[in-house]
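> I have a structure here, written as structure tokens, and I will follow up with some questions on it.
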Amino acid sequence: MGLGSVRVRQSLVLGALAVLAADRSAAAQDSADRIARDGDAPAAVELERSPARRPVPPNSLSLLAGVYTRAYWGQSFSIADVAYEPNFVLGVISGTDLVRTSWGLTIGHESGIALRFGTSISLEMWRGITVSFGARQIGGWVLTPQVILGLSTISNMIGVEAERELQALLGGEGDSDRLIYLGSELGSSLEAVPDVEVFYRLHHRSGLLGLWGNVEADHNANAVGIRLRYD
């Protein structure tokens with residue numbers, strides 16, 4: 001093979017390498033131009049980012065069902081050990097969140113109406129201020145303790161409530177028609193589905209140790225429910 005032929009082949013190889021290098025440089029410059037125009041990250045990275053957390057709707061409608069206990073407030077939290085009476089409660093609750101903080105505190109109000117039945121039939125209505133705190137848990141679940149404080153009124157007494165008011169009347173005073181309402185609640189919801197929540201509530205009304213209605217005793221129901229939130 002002649003010297004001239006070798007030089008021709010070397011020239012062809014060098015020319016091909018120069019073309020390939022130019023193509024790569026142009027592709028790199030085009031990619032840099034796209035990044036500068038569209039942002040600091042490529043589009044593929046944008047697609048991998050997790051979606052934003054869904055906001056919790058401010059309004060709610062809850063259904064509640066429970067059984068009344070014969071125990072006082074503190075004892076009624078022992079769900080498995082407390083004595084129950086043959087009286088039940090079915091309620092509907094409407095609530096609205098008024099103030100929310102970035103660290104989970106929520107203040108609002110609720111209104112409820114319930115049918116109390118068993119040994120007799122009675123209606124209860126209540127309205128109160130709600131204070132809750134949502135804390136994110138492992139696995140995407142959110143636990144929300146909540147306290148509801150307000151006023152409760154009934155059409156007539158039922159169960160152990162009637163017995164306790166009778167004892168107060170024998171002492172010369174007592175009125176259980178309008179008492180303090182106190183709901184102690186623990187709710188749970190999925191962070192990805194904040195508009196559905198299940199909860200436990202101790203449904204309680206009392207005279208606040210005799211400060212209201214001259215009645216020291218109380219009436220409690222261990223209840224569970226489901227809450228649907230909406231805008």
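Just so we're on the same page: first chain in the structure tokens is A, next is B, and so on; residues restart at 1 for each chain, and ligands are numbered from 1 in the order they show up.
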Identify, on the basis of only C-alpha atoms, every residue whose closest approach to Ser94 of chain A does not exceed 6 Å; exclude the query and any residue fewer than 5 positions from it along the same chain; express the result as a PyMOL selection string.

chain A and resi 60-61+110-111

> Determine which residues of segment 46-220 of chain A receive a DSSP assignment of strand (DSSP E or B), computed from the backbone, and state them as a PyMOL selection string.

chain A and resi 59-69+84-100+105-117+121-133+135-136+141-154+178-190+193-206+218-220

> Just the residues within 9 Å of segment 83-90 of chain A, please, counting only C-alpha atoms, with nothing from its chain fewer than 2 positions along; format it as a PyMOL selection string.

chain A and resi 63-71+76+79-81+92+113-120+158-160+221+223

> Near Asp177 of chain A, counting only C-alpha atoms, which residues have an atom at most 8 Å away, once you skip same-chain residues fewer than 2 positions from it, shown as a list in words?

Thr153, Ile154, Ser155, Asn156, Met157, Asp175 and Leu179 of chain A

> Calculated over only C-alpha atoms, which of the candidates A:Gly128, A:Pro58, A:Gly183, A:Gly139 has the smallest distance to Thr106 of chain A?

A:Pro58

> May I ask for the distance between atom CA of Val99 of chain A and atom CA of Thr130 of chain A, given in Å to one decimal place?

10.5 Å

> Check the smallest atom-to-atom distance from each of A:Thr96, A:Ser152, A:Ser176, A:Ser188 to Gly140 of chain A using only C-alpha atoms, then report the winner.

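Of A:Thr96, A:Ser152, A:Ser176, A:Ser188, the one nearest Gly140 of chain A is A:Ser188, counting only C-alpha atoms.
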
> Have a look at atom CA of Phe77 of chain A and atom CA of Asn222 of chain A and let me know their distance in Å, one decimal.

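Between atom CA of Phe77 of chain A and atom CA of Asn222 of chain A the gap works out to 7.7 Å.
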
> Skip Glu161 of chain A itself and residues of its chain fewer than 4 positions away, then list as a PyMOL selection string all residues within 7 Å of it, counting only C-alpha atoms.

chain A and resi 157+165+218-219

> Just to confirm, what's the straight-line distance from atom CA of Val131 of chain A to atom CA of Phe199 of chain A in Å (one decimal)?

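Here the two named atoms are 14.8 Å from each other.
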
> Under the rule that only C-alpha atoms are counted, which of A:Leu151, A:His109, A:Gly104, A:Leu186 is the nearest residue to Val56 of chain A?

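Residue with the minimum atom-to-atom distance to Val56 of chain A: A:Gly104.
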
> So, with only C-alpha atoms as the atoms that count, which of A:Ala162, A:Leu228, A:Val196, A:Leu190 lies closest to Val142 of chain A?

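Smallest separation from Val142 of chain A among the options: A:Leu190.
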
> Between A:Ile148, A:Ile129, A:Ile226, A:Ile180, which one has atoms that come closest to Asp195 of chain A, using only C-alpha atoms?

A:Ile226

> Between A:Ile93, A:Ser78, A:Pro55, A:Leu123, which is the closest to Glu191 of chain A once you count only C-alpha atoms?

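Ranking A:Ile93, A:Ser78, A:Pro55, A:Leu123 by distance to Glu191 of chain A, first place goes to A:Pro55.
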